[in-house]
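One file, work-v4.pdb, is given below (PDB, C-alpha atoms).
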ATOM      1  CA  MET A  16      28.002 -56.955  15.921  1.00  0.00           C
ATOM      2  CA  SER A  17      26.075 -60.093  16.790  1.00  0.00           C
ATOM      3  CA  GLY A  18      25.705 -63.771  16.021  1.00  0.00           C
ATOM      4  CA  PRO A  19      28.617 -65.917  14.850  1.00  0.00           C
ATOM      5  CA  GLY A  20      30.707 -62.856  13.895  1.00  0.00           C
ATOM      6  CA  LEU A  21      30.590 -61.670  17.499  1.00  0.00           C
ATOM      7  CA  TYR A  22      31.812 -65.035  18.789  1.00  0.00           C
ATOM      8  CA  VAL A  23      34.659 -65.149  16.294  1.00  0.00           C
ATOM      9  CA  ALA A  24      35.664 -61.587  17.252  1.00  0.00           C
ATOM     10  CA  LEU A  25      35.467 -62.415  20.968  1.00  0.00           C
ATOM     11  CA  VAL A  26      37.615 -65.533  20.584  1.00  0.00           C
ATOM     12  CA  ALA A  27      40.188 -63.740  18.424  1.00  0.00           C
ATOM     13  CA  PHE A  28      40.345 -60.779  20.762  1.00  0.00           C
ATOM     14  CA  GLY A  29      40.471 -63.053  23.820  1.00  0.00           C
ATOM     15  CA  VAL A  30      43.523 -64.794  22.392  1.00  0.00           C
ATOM     16  CA  LEU A  31      45.144 -61.424  21.567  1.00  0.00           C
ATOM     17  CA  ALA A  32      44.451 -60.060  25.059  1.00  0.00           C
ATOM     18  CA  GLY A  33      45.788 -63.244  26.646  1.00  0.00           C
ATOM     19  CA  VAL A  34      48.982 -63.117  24.597  1.00  0.00           C
ATOM     20  CA  ALA A  35      49.455 -59.424  25.402  1.00  0.00           C
ATOM     21  CA  SER A  36      48.893 -60.133  29.092  1.00  0.00           C
ATOM     22  CA  GLY A  37      51.451 -62.939  29.175  1.00  0.00           C
ATOM     23  CA  LEU A  38      53.950 -61.204  26.905  1.00  0.00           C
ATOM     24  CA  LEU A  39      53.792 -57.664  28.236  1.00  0.00           C
ATOM     25  CA  GLY A  40      52.497 -58.170  31.747  1.00  0.00           C
ATOM     26  CA  VAL A  41      49.688 -55.731  31.046  1.00  0.00           C
ATOM     27  CA  GLY A  42      46.233 -56.226  32.357  1.00  0.00           C
ATOM     28  CA  GLY A  43      44.034 -57.277  29.494  1.00  0.00           C
ATOM     29  CA  GLY A  44      41.666 -54.513  30.533  1.00  0.00           C
ATOM     30  CA  THR A  45      43.705 -51.876  28.750  1.00  0.00           C
ATOM     31  CA  LEU A  46      42.912 -53.706  25.533  1.00  0.00           C
ATOM     32  CA  MET A  47      39.636 -55.314  26.445  1.00  0.00           C
ATOM     33  CA  VAL A  48      37.638 -52.360  27.766  1.00  0.00           C
ATOM     34  CA  PRO A  49      37.852 -50.347  24.526  1.00  0.00           C
ATOM     35  CA  PHE A  50      37.075 -53.489  22.514  1.00  0.00           C
ATOM     36  CA  LEU A  51      34.018 -54.279  24.639  1.00  0.00           C
ATOM     37  CA  VAL A  52      32.753 -50.696  24.383  1.00  0.00           C
ATOM     38  CA  PHE A  53      33.359 -50.115  20.668  1.00  0.00           C
ATOM     39  CA  ALA A  54      33.040 -53.562  19.079  1.00  0.00           C
ATOM     40  CA  VAL A  55      30.605 -55.310  21.406  1.00  0.00           C
ATOM     41  CA  GLY A  56      28.571 -52.272  22.451  1.00  0.00           C
ATOM     42  CA  LEU A  57      28.774 -52.643  26.229  1.00  0.00           C
ATOM     43  CA  THR A  58      28.519 -49.587  28.428  1.00  0.00           C
ATOM     44  CA  GLN A  59      31.729 -48.327  30.036  1.00  0.00           C
ATOM     45  CA  HIS A  60      30.628 -49.732  33.390  1.00  0.00           C
ATOM     46  CA  GLY A  61      29.673 -53.063  31.822  1.00  0.00           C
ATOM     47  CA  ALA A  62      32.929 -53.295  29.882  1.00  0.00           C
ATOM     48  CA  GLU A  63      35.035 -52.632  32.973  1.00  0.00           C
ATOM     49  CA  ALA A  64      33.101 -55.187  35.032  1.00  0.00           C
ATOM     50  CA  THR A  65      33.358 -57.792  32.260  1.00  0.00           C
ATOM     51  CA  SER A  66      37.070 -57.098  31.856  1.00  0.00           C
ATOM     52  CA  LEU A  67      37.675 -57.687  35.559  1.00  0.00           C
ATOM     53  CA  LEU A  68      35.874 -61.029  35.354  1.00  0.00           C
ATOM     54  CA  VAL A  69      37.919 -62.080  32.305  1.00  0.00           C
ATOM     55  CA  ILE A  70      41.241 -61.022  33.809  1.00  0.00           C
ATOM     56  CA  LEU A  71      40.934 -63.428  36.743  1.00  0.00           C
ATOM     57  CA  PRO A  72      41.418 -66.712  34.820  1.00  0.00           C
ATOM     58  CA  THR A  73      43.914 -65.206  32.358  1.00  0.00           C
ATOM     59  CA  ALA A  74      46.024 -63.787  35.183  1.00  0.00           C
ATOM     60  CA  ILE A  75      45.999 -67.115  37.011  1.00  0.00           C
ATOM     61  CA  VAL A  76      47.118 -69.070  33.939  1.00  0.00           C
ATOM     62  CA  GLY A  77      49.807 -66.539  32.983  1.00  0.00           C
ATOM     63  CA  SER A  78      51.078 -66.328  36.543  1.00  0.00           C
ATOM     64  CA  LEU A  79      51.251 -70.098  36.985  1.00  0.00           C
ATOM     65  CA  THR A  80      53.084 -70.477  33.681  1.00  0.00           C
ATOM     66  CA  LEU A  81      55.716 -67.914  34.701  1.00  0.00           C
ATOM     67  CA  ARG A  82      55.884 -69.239  38.271  1.00  0.00           C
ATOM     68  CA  ARG A  83      56.708 -72.767  37.038  1.00  0.00           C
ATOM     69  CA  ARG A  84      59.824 -71.236  35.493  1.00  0.00           C
ATOM     70  CA  GLY A  85      60.741 -69.617  38.813  1.00  0.00           C
ATOM     71  CA  VAL A  86      59.767 -66.135  37.670  1.00  0.00           C
ATOM     72  CA  GLY A  87      58.004 -63.856  40.121  1.00  0.00           C
ATOM     73  CA  ASP A  88      57.888 -63.404  43.864  1.00  0.00           C
ATOM     74  CA  LEU A  89      54.886 -65.133  45.444  1.00  0.00           C
ATOM     75  CA  GLY A  90      55.163 -63.272  48.761  1.00  0.00           C
ATOM     76  CA  VAL A  91      55.220 -59.885  47.072  1.00  0.00           C
ATOM     77  CA  ALA A  92      52.365 -60.944  44.789  1.00  0.00           C
ATOM     78  CA  LEU A  93      50.197 -62.023  47.724  1.00  0.00           C
ATOM     79  CA  ARG A  94      50.840 -58.788  49.616  1.00  0.00           C
ATOM     80  CA  PHE A  95      50.086 -56.678  46.535  1.00  0.00           C
ATOM     81  CA  GLY A  96      47.049 -58.842  45.855  1.00  0.00           C
ATOM     82  CA  LEU A  97      45.606 -58.256  49.309  1.00  0.00           C
ATOM     83  CA  VAL A  98      46.108 -54.513  49.147  1.00  0.00           C
ATOM     84  CA  GLY A  99      44.975 -54.510  45.519  1.00  0.00           C
ATOM     85  CA  ALA A 100      41.746 -56.289  46.455  1.00  0.00           C
ATOM     86  CA  LEU A 101      40.953 -53.552  48.955  1.00  0.00           C
ATOM     87  CA  GLY A 102      41.755 -50.920  46.341  1.00  0.00           C
ATOM     88  CA  ALA A 103      39.632 -52.739  43.759  1.00  0.00           C
ATOM     89  CA  PHE A 104      36.663 -52.621  46.109  1.00  0.00           C
ATOM     90  CA  ALA A 105      37.079 -48.872  46.582  1.00  0.00           C
ATOM     91  CA  GLY A 106      37.686 -48.350  42.847  1.00  0.00           C
ATOM     92  CA  ALA A 107      34.581 -50.331  41.890  1.00  0.00           C
ATOM     93  CA  LYS A 108      32.469 -48.273  44.293  1.00  0.00           C
ATOM     94  CA  LEU A 109      33.932 -45.077  42.816  1.00  0.00           C
ATOM     95  CA  ALA A 110      33.331 -46.284  39.252  1.00  0.00           C
ATOM     96  CA  LEU A 111      29.689 -46.975  40.081  1.00  0.00           C
ATOM     97  CA  ALA A 112      29.348 -43.463  41.487  1.00  0.00           C
ATOM     98  CA  LEU A 113      30.696 -41.825  38.303  1.00  0.00           C
ATOM     99  CA  PRO A 114      28.676 -41.203  35.148  1.00  0.00           C
ATOM    100  CA  ALA A 115      29.785 -43.318  32.172  1.00  0.00           C
ATOM    101  CA  SER A 116      31.087 -40.254  30.319  1.00  0.00           C
ATOM    102  CA  THR A 117      33.390 -39.319  33.211  1.00  0.00           C
ATOM    103  CA  LEU A 118      34.544 -42.910  33.562  1.00  0.00           C
ATOM    104  CA  LYS A 119      35.442 -42.991  29.850  1.00  0.00           C
ATOM    105  CA  ILE A 120      37.537 -39.848  30.234  1.00  0.00           C
ATOM    106  CA  VAL A 121      39.331 -41.208  33.311  1.00  0.00           C
ATOM    107  CA  PHE A 122      40.064 -44.473  31.478  1.00  0.00           C
ATOM    108  CA  ALA A 123      41.290 -42.645  28.362  1.00  0.00           C
ATOM    109  CA  VAL A 124      43.623 -40.413  30.379  1.00  0.00           C
ATOM    110  CA  PHE A 125      45.007 -43.448  32.221  1.00  0.00           C
ATOM    111  CA  VAL A 126      45.685 -45.411  29.028  1.00  0.00           C
ATOM    112  CA  GLY A 127      47.198 -42.317  27.382  1.00  0.00           C
ATOM    113  CA  LEU A 128      49.568 -41.675  30.284  1.00  0.00           C
ATOM    114  CA  VAL A 129      50.645 -45.309  30.365  1.00  0.00           C
ATOM    115  CA  GLY A 130      51.308 -45.195  26.618  1.00  0.00           C
ATOM    116  CA  LEU A 131      53.350 -42.009  26.900  1.00  0.00           C
ATOM    117  CA  LYS A 132      55.408 -43.420  29.789  1.00  0.00           C
ATOM    118  CA  LEU A 133      56.134 -46.639  27.906  1.00  0.00           C
ATOM    119  CA  ALA A 134      57.127 -44.728  24.774  1.00  0.00           C
ATOM    120  CA  TRP A 135      59.349 -42.374  26.797  1.00  0.00           C
ATOM    121  CA  ASP A 136      61.038 -45.281  28.596  1.00  0.00           C
ATOM    122  CA  GLY A 137      61.577 -47.075  25.299  1.00  0.00           C
ATOM    123  CA  VAL A 138      63.191 -44.070  23.652  1.00  0.00           C
ATOM    124  CA  SER A 139      65.262 -42.980  26.654  1.00  0.00           C
ATOM    125  CA  GLY A 140      66.266 -46.591  27.376  1.00  0.00           C
ATOM    126  CA  ASP A 141      67.561 -46.961  23.821  1.00  0.00           C
ATOM    127  CA  ALA A 142      69.514 -43.715  24.173  1.00  0.00           C
ATOM    128  CA  ARG A 143      71.014 -44.853  27.495  1.00  0.00           C
ATOM    129  CA  MET A 144      72.085 -48.151  25.968  1.00  0.00           C
ATOM    130  CA  ARG A 145      73.809 -46.325  23.078  1.00  0.00           C
ATOM    131  CA  ASP A 146      75.574 -44.012  25.559  1.00  0.00           C
ATOM    132  CA  GLU A 147      76.716 -46.957  27.690  1.00  0.00           C
ATOM    133  CA  ARG A 148      78.085 -48.767  24.620  1.00  0.00           C
ATOM    134  CA  SER A 149      79.958 -45.698  23.386  1.00  0.00           C
ATOM    135  CA  HIS A 150      81.676 -45.259  26.787  1.00  0.00           C
ATOM    136  CA  SER A 151      82.745 -48.915  27.038  1.00  0.00           C
TER     137      SER A 151
END

If you took the structure in this file and wrote it as structure tokens, what would it be?
Amino acid sequence: MSGPGLYVALVAFGVLAGVASGLLGVGGGTLMVPFLVFAVGLTQHGAEATSLLVILPTAIVGSLTLRRRGVGDLGVALRFGLVGALGAFAGAKLALALPASTLKIVFAVFVGLVGLKLAWDGVSGDARMRDERSHS
């Protein structure tokens, strides 16, 4: 994909990733990395690096929007952010040391496990709510 079609796809996907990030609290990378690899043709390493660069402004805007409504804990966020920055440094070094094929497998397993956990929580949460209503 190239030319004007690529720009339209990037804008549309950027909006989708931003909405998903604000709505679901997910890092846009879970959506963006596969898009950048399959639709744009970036390498796995390039897609992950690009995703990290894109996430910074989208996370700031989403966080500020929620924070204005009093949602979120700034102290906790700053502590996690500091530790997360150290982890991101180590993770980036590890990613650079891995071949692209291994990195793709690691990413796929991560996304798959997250998907399974969310599905499990959704199903078991619905069952718990039904049980709580029937005992009330």

Could you tell me how far CA of Ala54 (chain A) sits from CA of Gly106 (chain A), in Å to one decimal place? 24.8 Å

Around (30.7, -45.0, 39.1), as given in the file, which residues come within 12 Å? Count all atoms listed in the file and list them as a PyMOL selection string. chain A and resi 58-61+63-64+104-119+121

Residues within 10 Å of Ala62 (chain A), please, as a ChimeraX atom specification. Count all atoms listed in the file; anything in the same chain fewer than 2 positions from it doesn't count. /A:44,47-53,55-60,64-68

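Nearest residue to Ala123 (chain A) among A:Ala74, A:Leu46, A:Val69, A:Ala24 is A:Leu46, counting all atoms listed in the file.
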
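CA of Ile70 (chain A) lies 12.2 Å from CA of Val30 (chain A).
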
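The spacing separating CA of Gly18 (chain A) from CA of Pro72 (chain A) amounts to 24.7 Å.
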
What are the centre and the three edge lengths of an axis-aligned box that wraps all atoms of region 127-132 of chain A in the file, given that 6 Å is added to every side, written as AutoDock Vina command-line options and rounded to one decimal in Å?
--center_x 51.3 --center_y -43.5 --center_z 28.5 --size_x 20.2 --size_y 15.6 --size_z 15.7

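Nearest-residue note for Val124 (chain A): choosing from A:Thr45, A:Ser139, A:Leu101, A:Pro19, the minimum distance belongs to A:Thr45, counting all atoms listed in the file.
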
Would you fill the gaps in region 115-138 of chain A so it has N, CA and C atoms, then print it as a compact mmCIF listing (two decimals), keeping the file's coordinate frame?
# COMPACT_ATOMS: atom_id res chain seq x y z
N ALA A 115 29.01 -42.60 33.18
CA ALA A 115 29.78 -43.32 32.17
C ALA A 115 30.71 -42.38 31.40
N SER A 116 30.25 -41.18 31.09
CA SER A 116 31.09 -40.25 30.32
C SER A 116 32.34 -39.87 31.09
N THR A 117 32.23 -39.65 32.38
CA THR A 117 33.39 -39.32 33.21
C THR A 117 34.32 -40.52 33.31
N LEU A 118 33.75 -41.69 33.47
CA LEU A 118 34.54 -42.91 33.56
C LEU A 118 35.33 -43.14 32.28
N LYS A 119 34.73 -42.86 31.13
CA LYS A 119 35.44 -42.99 29.85
C LYS A 119 36.63 -42.05 29.79
N ILE A 120 36.45 -40.82 30.25
CA ILE A 120 37.54 -39.85 30.23
C ILE A 120 38.66 -40.28 31.17
N VAL A 121 38.32 -40.74 32.36
CA VAL A 121 39.33 -41.21 33.31
C VAL A 121 40.11 -42.38 32.71
N PHE A 122 39.41 -43.32 32.09
CA PHE A 122 40.06 -44.47 31.48
C PHE A 122 40.97 -44.03 30.34
N ALA A 123 40.50 -43.12 29.50
CA ALA A 123 41.29 -42.64 28.36
C ALA A 123 42.56 -41.93 28.83
N VAL A 124 42.45 -41.12 29.85
CA VAL A 124 43.62 -40.41 30.38
C VAL A 124 44.62 -41.42 30.94
N PHE A 125 44.13 -42.41 31.67
CA PHE A 125 45.01 -43.45 32.22
C PHE A 125 45.76 -44.18 31.12
N VAL A 126 45.05 -44.66 30.12
CA VAL A 126 45.68 -45.41 29.03
C VAL A 126 46.67 -44.51 28.27
N GLY A 127 46.30 -43.25 28.06
CA GLY A 127 47.20 -42.32 27.38
C GLY A 127 48.48 -42.08 28.15
N LEU A 128 48.38 -41.89 29.46
CA LEU A 128 49.57 -41.68 30.28
C LEU A 128 50.47 -42.91 30.31
N VAL A 129 49.86 -44.08 30.40
CA VAL A 129 50.64 -45.31 30.36
C VAL A 129 51.38 -45.43 29.03
N GLY A 130 50.69 -45.14 27.94
CA GLY A 130 51.31 -45.20 26.62
C GLY A 130 52.46 -44.22 26.48
N LEU A 131 52.28 -43.01 26.96
CA LEU A 131 53.35 -42.01 26.90
C LEU A 131 54.55 -42.44 27.73
N LYS A 132 54.31 -42.97 28.93
CA LYS A 132 55.41 -43.42 29.79
C LYS A 132 56.17 -44.57 29.13
N LEU A 133 55.46 -45.52 28.57
CA LEU A 133 56.13 -46.64 27.91
C LEU A 133 56.95 -46.16 26.71
N ALA A 134 56.39 -45.26 25.93
CA ALA A 134 57.13 -44.73 24.77
C ALA A 134 58.37 -43.97 25.25
N TRP A 135 58.22 -43.14 26.26
CA TRP A 135 59.35 -42.37 26.80
C TRP A 135 60.45 -43.31 27.30
N ASP A 136 60.05 -44.33 28.08
CA ASP A 136 61.04 -45.28 28.60
C ASP A 136 61.73 -46.03 27.47
N GLY A 137 60.98 -46.38 26.44
CA GLY A 137 61.58 -47.08 25.30
C GLY A 137 62.60 -46.22 24.58
N VAL A 138 62.28 -44.98 24.35
CA VAL A 138 63.19 -44.07 23.65
C VAL A 138 64.39 -43.73 24.53
